[in-house]
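**Student:** Okay, so here is query.pdb, and as you'll see once you scroll down, it has PDB, C-alpha atoms.
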```
ATOM      1  CA  MET A   1     -47.789  20.181   6.121
ATOM      2  CA  SER A   2     -44.747  20.052   8.334
ATOM      3  CA  ALA A   3     -42.636  16.869   8.429
ATOM      4  CA  LYS A   4     -42.778  14.719  11.497
ATOM      5  CA  PRO A   5     -39.651  14.720  13.594
ATOM      6  CA  ASN A   6     -37.492  11.636  13.070
ATOM      7  CA  GLY A   7     -37.472   9.786  16.348
ATOM      8  CA  ASN A   8     -34.539   7.636  15.158
ATOM      9  CA  LYS A   9     -32.284  10.568  14.290
ATOM     10  CA  GLY A  10     -30.119  10.170  17.363
ATOM     11  CA  THR A  11     -29.874   6.416  16.875
ATOM     12  CA  ASN A  12     -28.921   6.734  13.212
ATOM     13  CA  GLY A  13     -26.354   9.378  14.089
ATOM     14  CA  ASP A  14     -24.826   7.127  16.712
ATOM     15  CA  LYS A  15     -24.658   4.228  14.243
ATOM     16  CA  GLY A  16     -22.990   6.415  11.641
ATOM     17  CA  LYS A  17     -20.417   7.663  14.134
ATOM     18  CA  LYS A  18     -19.676   4.128  15.304
ATOM     19  CA  ALA A  19     -19.268   2.920  11.718
ATOM     20  CA  LEU A  20     -16.832   5.760  11.017
ATOM     21  CA  GLU A  21     -14.848   4.980  14.155
ATOM     22  CA  ASN A  22     -14.402   1.379  12.987
ATOM     23  CA  ALA A  23     -13.629   2.121   9.323
ATOM     24  CA  PRO A  24     -10.211   1.586   7.718
ATOM     25  CA  GLY A  25      -7.908   4.449   8.745
ATOM     26  CA  ALA A  26      -9.965   5.324  11.830
ATOM     27  CA  VAL A  27      -7.111   4.333  14.124
ATOM     28  CA  TRP A  28      -5.291   7.544  13.202
ATOM     29  CA  PHE A  29      -8.167   9.756  14.332
ATOM     30  CA  ARG A  30      -9.506   7.894  17.341
ATOM     31  CA  ALA A  31      -8.725   9.398  20.753
ATOM     32  CA  GLU A  32      -6.000   7.579  22.672
ATOM     33  CA  LYS A  33      -6.919   5.672  25.780
ATOM     34  CA  THR A  34      -5.687   7.188  29.001
ATOM     35  CA  SER A  35      -6.023   4.211  31.321
ATOM     36  CA  ARG A  36      -3.022   2.050  32.090
ATOM     37  CA  PRO A  37      -2.136  -0.604  29.430
ATOM     38  CA  ARG A  38      -1.874  -4.310  30.155
ATOM     39  CA  PRO A  39       1.737  -5.093  31.102
ATOM     40  CA  GLN A  40       2.150  -8.311  29.091
ATOM     41  CA  LEU A  41       1.689  -6.581  25.755
ATOM     42  CA  SER A  42       3.121  -3.538  24.056
ATOM     43  CA  HIS A  43       1.954  -1.658  21.006
ATOM     44  CA  GLU A  44       5.262  -2.294  19.257
ATOM     45  CA  ARG A  45       5.174  -6.041  19.922
ATOM     46  CA  ILE A  46       1.616  -6.352  18.624
ATOM     47  CA  ILE A  47       2.412  -4.599  15.363
ATOM     48  CA  ALA A  48       5.696  -6.459  14.825
ATOM     49  CA  THR A  49       3.886  -9.760  15.343
ATOM     50  CA  ALA A  50       1.077  -8.705  13.017
ATOM     51  CA  VAL A  51       3.585  -7.876  10.266
ATOM     52  CA  GLU A  52       5.220 -11.272  10.807
ATOM     53  CA  LEU A  53       1.877 -13.066  10.436
ATOM     54  CA  LEU A  54       0.920 -10.988   7.400
ATOM     55  CA  ASP A  55       4.239 -11.768   5.726
ATOM     56  CA  ARG A  56       3.669 -15.457   6.334
ATOM     57  CA  ASP A  57      -0.063 -15.901   5.754
ATOM     58  CA  GLY A  58      -1.435 -12.756   4.107
ATOM     59  CA  VAL A  59      -4.324 -10.468   4.987
ATOM     60  CA  GLN A  60      -7.173 -12.947   4.634
ATOM     61  CA  LYS A  61      -5.804 -15.344   7.250
ATOM     62  CA  LEU A  62      -5.051 -12.686   9.846
ATOM     63  CA  SER A  63      -7.585 -12.505  12.666
ATOM     64  CA  MET A  64      -7.590 -10.973  16.113
ATOM     65  CA  ARG A  65      -7.821 -14.456  17.602
ATOM     66  CA  ARG A  66      -4.776 -15.745  15.692
ATOM     67  CA  LEU A  67      -2.830 -12.610  16.549
ATOM     68  CA  ALA A  68      -3.661 -13.001  20.253
ATOM     69  CA  GLU A  69      -2.630 -16.668  20.145
ATOM     70  CA  ARG A  70       0.675 -15.771  18.488
ATOM     71  CA  LEU A  71       1.300 -13.199  21.207
ATOM     72  CA  GLY A  72       0.422 -15.702  23.916
ATOM     73  CA  ALA A  73      -2.189 -13.306  25.247
ATOM     74  CA  HIS A  74      -5.907 -13.237  25.899
ATOM     75  CA  ALA A  75      -8.026 -11.490  23.277
ATOM     76  CA  THR A  76      -9.264  -8.944  25.820
ATOM     77  CA  SER A  77      -5.696  -7.770  26.404
ATOM     78  CA  LEU A  78      -5.213  -7.343  22.659
ATOM     79  CA  TYR A  79      -8.405  -5.301  22.310
ATOM     80  CA  TRP A  80      -7.116  -2.821  24.868
ATOM     81  CA  HIS A  81      -4.433  -1.808  22.356
ATOM     82  CA  VAL A  82      -6.253  -2.279  19.022
ATOM     83  CA  ALA A  83     -10.007  -2.066  18.615
ATOM     84  CA  THR A  84     -10.422  -3.865  15.283
ATOM     85  CA  LYS A  85      -8.604  -5.881  12.647
ATOM     86  CA  ASP A  86      -8.651  -2.745  10.488
ATOM     87  CA  ASP A  87      -6.641  -1.004  13.220
ATOM     88  CA  VAL A  88      -4.068  -3.775  13.051
ATOM     89  CA  LEU A  89      -3.848  -3.562   9.254
ATOM     90  CA  ASP A  90      -3.463   0.227   9.271
ATOM     91  CA  LEU A  91      -0.755   0.084  11.917
ATOM     92  CA  ALA A  92       1.066  -2.791  10.208
ATOM     93  CA  LEU A  93       0.991  -1.001   6.869
ATOM     94  CA  ASP A  94       2.426   2.154   8.411
ATOM     95  CA  ALA A  95       5.161   0.018   9.992
ATOM     96  CA  VAL A  96       6.082  -1.068   6.460
ATOM     97  CA  PHE A  97       6.313   2.583   5.390
ATOM     98  CA  ALA A  98       8.687   3.121   8.330
ATOM     99  CA  GLU A  99      11.178   0.919   6.458
ATOM    100  CA  LEU A 100      11.302   3.379   3.558
ATOM    101  CA  ASP A 101      14.780   4.907   3.759
ATOM    102  CA  LEU A 102      14.581   8.366   2.213
ATOM    103  CA  PRO A 103      17.430  10.902   1.937
ATOM    104  CA  GLU A 104      17.603  13.317   4.845
ATOM    105  CA  GLU A 105      18.229  16.195   2.444
ATOM    106  CA  HIS A 106      16.680  16.790  -0.960
ATOM    107  CA  SER A 107      19.049  16.694  -3.922
ATOM    108  CA  ALA A 108      19.442  19.413  -6.520
ATOM    109  CA  SER A 109      17.343  17.349  -8.930
ATOM    110  CA  TRP A 110      13.697  16.735  -8.104
ATOM    111  CA  GLN A 111      13.705  13.818 -10.559
ATOM    112  CA  GLU A 112      16.434  12.085  -8.544
ATOM    113  CA  ASP A 113      14.397  12.548  -5.374
ATOM    114  CA  ILE A 114      11.292  11.085  -6.980
ATOM    115  CA  GLU A 115      13.269   8.167  -8.375
ATOM    116  CA  ALA A 116      14.658   7.489  -4.893
ATOM    117  CA  PHE A 117      11.137   7.645  -3.491
ATOM    118  CA  MET A 118       9.717   5.305  -6.121
ATOM    119  CA  THR A 119      12.468   2.673  -6.003
ATOM    120  CA  GLY A 120      12.564   2.761  -2.198
ATOM    121  CA  LEU A 121       8.796   2.381  -1.858
ATOM    122  CA  ARG A 122       8.741  -0.496  -4.338
ATOM    123  CA  SER A 123      11.473  -2.265  -2.396
ATOM    124  CA  VAL A 124       9.672  -2.150   0.960
ATOM    125  CA  LEU A 125       6.324  -3.126  -0.589
ATOM    126  CA  LEU A 126       7.870  -6.180  -2.243
ATOM    127  CA  ARG A 127       9.513  -7.111   1.055
ATOM    128  CA  HIS A 128       5.992  -7.523   2.418
ATOM    129  CA  PRO A 129       3.913  -9.032  -0.437
ATOM    130  CA  TRP A 130       0.552  -8.166   1.180
ATOM    131  CA  ALA A 131       1.328  -4.483   1.600
ATOM    132  CA  ALA A 132       0.893  -3.116  -1.948
ATOM    133  CA  ALA A 133      -2.631  -4.441  -2.434
ATOM    134  CA  LEU A 134      -3.578  -3.239   1.046
ATOM    135  CA  ALA A 135      -2.142   0.228   0.373
ATOM    136  CA  ASN A 136      -4.504   0.498  -2.582
ATOM    137  CA  SER A 137      -7.574   0.004  -0.407
ATOM    138  CA  ARG A 138      -7.232   2.354   2.578
ATOM    139  CA  PRO A 139      -6.194   5.904   3.470
ATOM    140  CA  LEU A 140      -2.441   6.244   3.959
ATOM    141  CA  VAL A 141      -2.474   8.721   6.817
ATOM    142  CA  GLY A 142      -0.159   7.102   9.356
ATOM    143  CA  PRO A 143       2.882   9.134  10.399
ATOM    144  CA  ASN A 144       5.340   7.113   8.323
ATOM    145  CA  ALA A 145       3.163   7.166   5.208
ATOM    146  CA  LEU A 146       2.684  10.921   5.611
ATOM    147  CA  ARG A 147       6.441  11.378   6.040
ATOM    148  CA  SER A 148       7.012   9.659   2.687
ATOM    149  CA  SER A 149       4.267  11.735   1.050
ATOM    150  CA  GLU A 150       5.821  14.918   2.439
ATOM    151  CA  PHE A 151       9.126  13.982   0.814
ATOM    152  CA  ALA A 152       7.505  13.312  -2.572
ATOM    153  CA  TYR A 153       5.326  16.434  -2.467
ATOM    154  CA  THR A 154       8.324  18.612  -1.558
ATOM    155  CA  ALA A 155      10.336  17.204  -4.465
ATOM    156  CA  LEU A 156       7.473  17.785  -6.899
ATOM    157  CA  THR A 157       6.969  21.319  -5.597
ATOM    158  CA  THR A 158      10.642  21.975  -6.360
ATOM    159  CA  GLY A 159       9.912  20.700  -9.867
ATOM    160  CA  GLY A 160       7.320  23.429 -10.336
ATOM    161  CA  PHE A 161       4.153  21.474  -9.629
ATOM    162  CA  GLU A 162       1.449  23.180  -7.631
ATOM    163  CA  GLY A 163      -2.273  22.983  -6.938
ATOM    164  CA  VAL A 164      -4.186  20.251  -8.747
ATOM    165  CA  HIS A 165      -1.135  19.435 -10.880
ATOM    166  CA  LEU A 166       0.850  18.664  -7.738
ATOM    167  CA  SER A 167      -1.846  16.310  -6.461
ATOM    168  CA  SER A 168      -2.171  14.596  -9.848
ATOM    169  CA  ALA A 169       1.590  14.145 -10.208
ATOM    170  CA  ALA A 170       1.921  12.698  -6.693
ATOM    171  CA  ALA A 171      -1.000  10.325  -7.267
ATOM    172  CA  THR A 172       0.433   9.172 -10.607
ATOM    173  CA  ILE A 173       3.789   8.364  -9.046
ATOM    174  CA  THR A 174       2.346   6.557  -6.046
ATOM    175  CA  HIS A 175      -0.222   4.604  -8.064
ATOM    176  CA  TYR A 176       2.461   3.396 -10.475
ATOM    177  CA  VAL A 177       4.616   2.060  -7.649
ATOM    178  CA  ILE A 178       1.765   0.470  -5.691
ATOM    179  CA  GLY A 179       0.141  -1.003  -8.801
ATOM    180  CA  SER A 180       3.329  -2.484 -10.216
ATOM    181  CA  ALA A 181       4.420  -3.841  -6.823
ATOM    182  CA  SER A 182       0.993  -5.393  -6.280
ATOM    183  CA  SER A 183       1.101  -7.103  -9.680
ATOM    184  CA  GLU A 184       4.657  -8.321  -9.180
ATOM    185  CA  ALA A 185       3.889  -9.672  -5.704
ATOM    186  CA  VAL A 186       0.987 -11.710  -7.093
ATOM    187  CA  TRP A 187       3.063 -13.161  -9.913
ATOM    188  CA  GLN A 188       6.069 -13.880  -7.700
ATOM    189  CA  GLN A 189       3.901 -15.956  -5.376
ATOM    190  CA  ARG A 190       2.780 -18.182  -8.240
ATOM    191  CA  SER A 191       4.758 -21.352  -8.693
ATOM    192  CA  ASP A 192       3.427 -21.655 -12.250
ATOM    193  CA  GLU A 193       4.388 -18.220 -13.552
ATOM    194  CA  ALA A 194       6.341 -19.541 -16.566
ATOM    195  CA  ALA A 195       3.608 -22.054 -17.461
ATOM    196  CA  THR A 196       0.904 -19.396 -17.163
ATOM    197  CA  ARG A 197       2.794 -16.970 -19.372
ATOM    198  CA  SER A 198       3.308 -19.723 -21.968
ATOM    199  CA  ALA A 199      -0.406 -20.537 -21.897
ATOM    200  CA  VAL A 200      -1.307 -16.853 -22.374
ATOM    201  CA  ASP A 201       1.185 -16.579 -25.226
ATOM    202  CA  ALA A 202      -0.293 -19.646 -26.926
ATOM    203  CA  HIS A 203      -3.825 -18.284 -26.487
ATOM    204  CA  ILE A 204      -2.903 -14.918 -28.020
ATOM    205  CA  ARG A 205      -1.137 -16.563 -30.964
ATOM    206  CA  ALA A 206      -4.158 -18.775 -31.552
ATOM    207  CA  HIS A 207      -6.213 -15.584 -31.946
ATOM    208  CA  ILE A 208      -3.634 -13.496 -33.784
ATOM    209  CA  ASP A 209      -6.268 -11.916 -36.028
ATOM    210  CA  GLU A 210      -7.916 -10.401 -32.947
ATOM    211  CA  TYR A 211      -4.709  -9.464 -31.109
ATOM    212  CA  PRO A 212      -2.005  -8.801 -33.753
ATOM    213  CA  THR A 213      -0.068  -6.285 -31.654
ATOM    214  CA  LEU A 214      -0.123  -8.434 -28.539
ATOM    215  CA  ALA A 215       0.968 -11.459 -30.541
ATOM    216  CA  GLY A 216       4.072  -9.587 -31.640
ATOM    217  CA  HIS A 217       4.847  -8.082 -28.243
ATOM    218  CA  PHE A 218       3.953 -10.593 -25.540
ATOM    219  CA  PRO A 219       7.018 -12.874 -25.988
ATOM    220  CA  LEU A 220       9.222  -9.876 -25.153
ATOM    221  CA  LEU A 221       7.684  -9.754 -21.682
ATOM    222  CA  GLU A 222       8.721 -13.355 -21.055
ATOM    223  CA  GLU A 223      12.359 -12.418 -21.607
ATOM    224  CA  ASP A 224      12.091  -9.341 -19.421
ATOM    225  CA  ASP A 225      12.765  -9.064 -15.706
ATOM    226  CA  TRP A 226      10.684  -7.204 -13.126
ATOM    227  CA  ASP A 227      13.385  -4.693 -12.151
ATOM    228  CA  SER A 228      14.076  -3.571 -15.708
ATOM    229  CA  HIS A 229      10.362  -3.452 -16.481
ATOM    230  CA  PHE A 230       9.736  -1.199 -13.469
ATOM    231  CA  ARG A 231      12.645   1.141 -14.193
ATOM    232  CA  ARG A 232      11.652   1.640 -17.823
ATOM    233  CA  GLY A 233       8.125   2.517 -16.769
ATOM    234  CA  MET A 234       9.418   4.850 -14.067
ATOM    235  CA  ARG A 235      11.644   6.711 -16.507
ATOM    236  CA  LEU A 236       8.859   7.029 -19.059
ATOM    237  CA  LEU A 237       6.662   8.457 -16.320
ATOM    238  CA  LEU A 238       9.350  10.903 -15.170
ATOM    239  CA  ALA A 239       9.969  11.983 -18.762
ATOM    240  CA  GLY A 240       6.283  12.788 -19.045
ATOM    241  CA  LEU A 241       6.317  14.756 -15.809
ATOM    242  CA  THR A 242       9.375  16.684 -16.982
ATOM    243  CA  SER A 243       7.494  17.816 -20.079
ATOM    244  CA  PRO A 244       6.038  21.356 -19.884
ATOM    245  CA  ASP A 245       2.647  19.868 -20.828
ATOM    246  CA  ALA A 246       2.527  18.157 -17.421
ATOM    247  CA  HIS A 247       2.017  21.575 -15.788
ATOM    248  CA  ALA A 248      -0.490  22.877 -18.336
TER
END
```
Could you show the structure in this file as structure tokens?
**Tutor:**
Amino acid sequence: MSAKPNGNKGTNGDKGKKALENAPGAVWFRAEKTSRPRPQLSHERIIATAVELLDRDGVQKLSMRRLAERLGAHATSLYWHVATKDDVLDLALDAVFAELDLPEEHSASWQEDIEAFMTGLRSVLLRHPWAAALANSRPLVGPNALRSSEFAYTALTTGGFEGVHLSSAAATITHYVIGSASSEAVWQQRSDEAATRSAVDAHIRAHIDEYPTLAGHFPLLEEDDWDSHFRRGMRLLLAGLTSPDAHA
């Protein structure tokens, strides 16, 4: 028996296409509008204002209505430039990546290039506390993010990485920076960081039989600082990548 034709096929296809067009990262693949923009707004002003609001209030409090109010514009004018809040977030995040100051020329040492990439990316992500967590949740395919990826991939290629090993090495580096910056941004925004760490320390010590290693190590973290903690981790990671086993 032959299957009946699906009368909703076209409708379902249209819904799927529309969902894709409105998904995070879709702004980079959507066709540009060709009609004339509204004169009171500019793309650059919208994104700069969005970054300002995100720096102040975070992702959850950003809305198209609040952005339009901040710009002193009607929401319909805003929607001419950006179709969704996801568009705004993608564009704002790529504006953060534009602040990453990378060397114009690669050095003789690929490790130095990667260290410059990692420390520079951490710096700009911490400058905008919302950015690291957001970078972990959407495709980084804006022109500035791709420029930074091109730099890192080129450095790793010089270091002998290729194929799946190149992709894994690049992901490891980027995930370390984004993850550590995200964690630091959360802690730095807490006014009770010292009290929380003391409470965790007391809890671990109260259960020393269950967590003997943590009980002996956790106080060292209290005396540490974020910069030193990041750099030690970065150098351990680079030492691992320098090992011949990293290419095996």
**Student:** What is the distance, in Å and to one decimal place, between atom CA of A:Ala132 and atom CA of A:Thr84?
**Tutor:** 20.6 Å
**Student:** So, with all atoms listed in the file as the atoms that count, which of A:Trp187, A:Asp94, A:Pro24, A:Ala83 lies closest to A:Ala48?
**Tutor:**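 Answer, going by the shortest atom-to-atom distance: A:Asp94.
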**Student:** Report, in Å to a single decimal, how far apart atom CA of A:Thr119 and atom CA of A:His217 are.
**Tutor:**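 Between atom CA of A:His217 and atom CA of A:Thr119 the gap works out to 25.9 Å.
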**Student:** Find the nearest atom pair between each residue of stretch 119-161 of chain A and stretch 189-209 of chain A for residues within 12 Å, count all atoms listed in the file, give distances in Å to one decimal, sort rows by chain and ascending number, and present the table as CSV.
**Tutor:**
```
residue,atom,partner,partner_atom,distance
A:Leu126,CA,A:Gln189,CA,11.0
A:His128,CA,A:Gln189,CA,11.7
A:Pro129,CA,A:Gln189,CA,8.5
A:Trp130,CA,A:Gln189,CA,10.7
```
**Student:** To one decimal place, how far is atom CA of A:Lys61 from atom CA of A:Ala26 in Å?
**Tutor:**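 A separation of 21.6 Å between them.
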**Student:** Hey, which of A:Glu115, A:Leu89, A:Ser63, A:Pro103 ends up closest to A:Arg232? Count only C-alpha atoms.
**Tutor:**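 Of A:Glu115, A:Leu89, A:Ser63, A:Pro103, the one nearest A:Arg232, counting only C-alpha atoms, is A:Glu115.
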**Student:** Name the residues in contact with A:Leu91 at a cut-off of 8 Å, using only C-alpha atoms, excluding same-chain residues fewer than 2 positions from it; report them as a PDB file with C-alpha atoms, in the coordinates of the input.
**Tutor:**
```pdb
ATOM      1  CA  VAL A  27      -7.111   4.333  14.124  1.00  0.00           C
ATOM      2  CA  ILE A  47       2.412  -4.599  15.363  1.00  0.00           C
ATOM      3  CA  ASP A  87      -6.641  -1.004  13.220  1.00  0.00           C
ATOM      4  CA  VAL A  88      -4.068  -3.775  13.051  1.00  0.00           C
ATOM      5  CA  LEU A  89      -3.848  -3.562   9.254  1.00  0.00           C
ATOM      6  CA  LEU A  93       0.991  -1.001   6.869  1.00  0.00           C
ATOM      7  CA  ASP A  94       2.426   2.154   8.411  1.00  0.00           C
ATOM      8  CA  ALA A  95       5.161   0.018   9.992  1.00  0.00           C
ATOM      9  CA  GLY A 142      -0.159   7.102   9.356  1.00  0.00           C
TER      10      GLY A 142
END
```
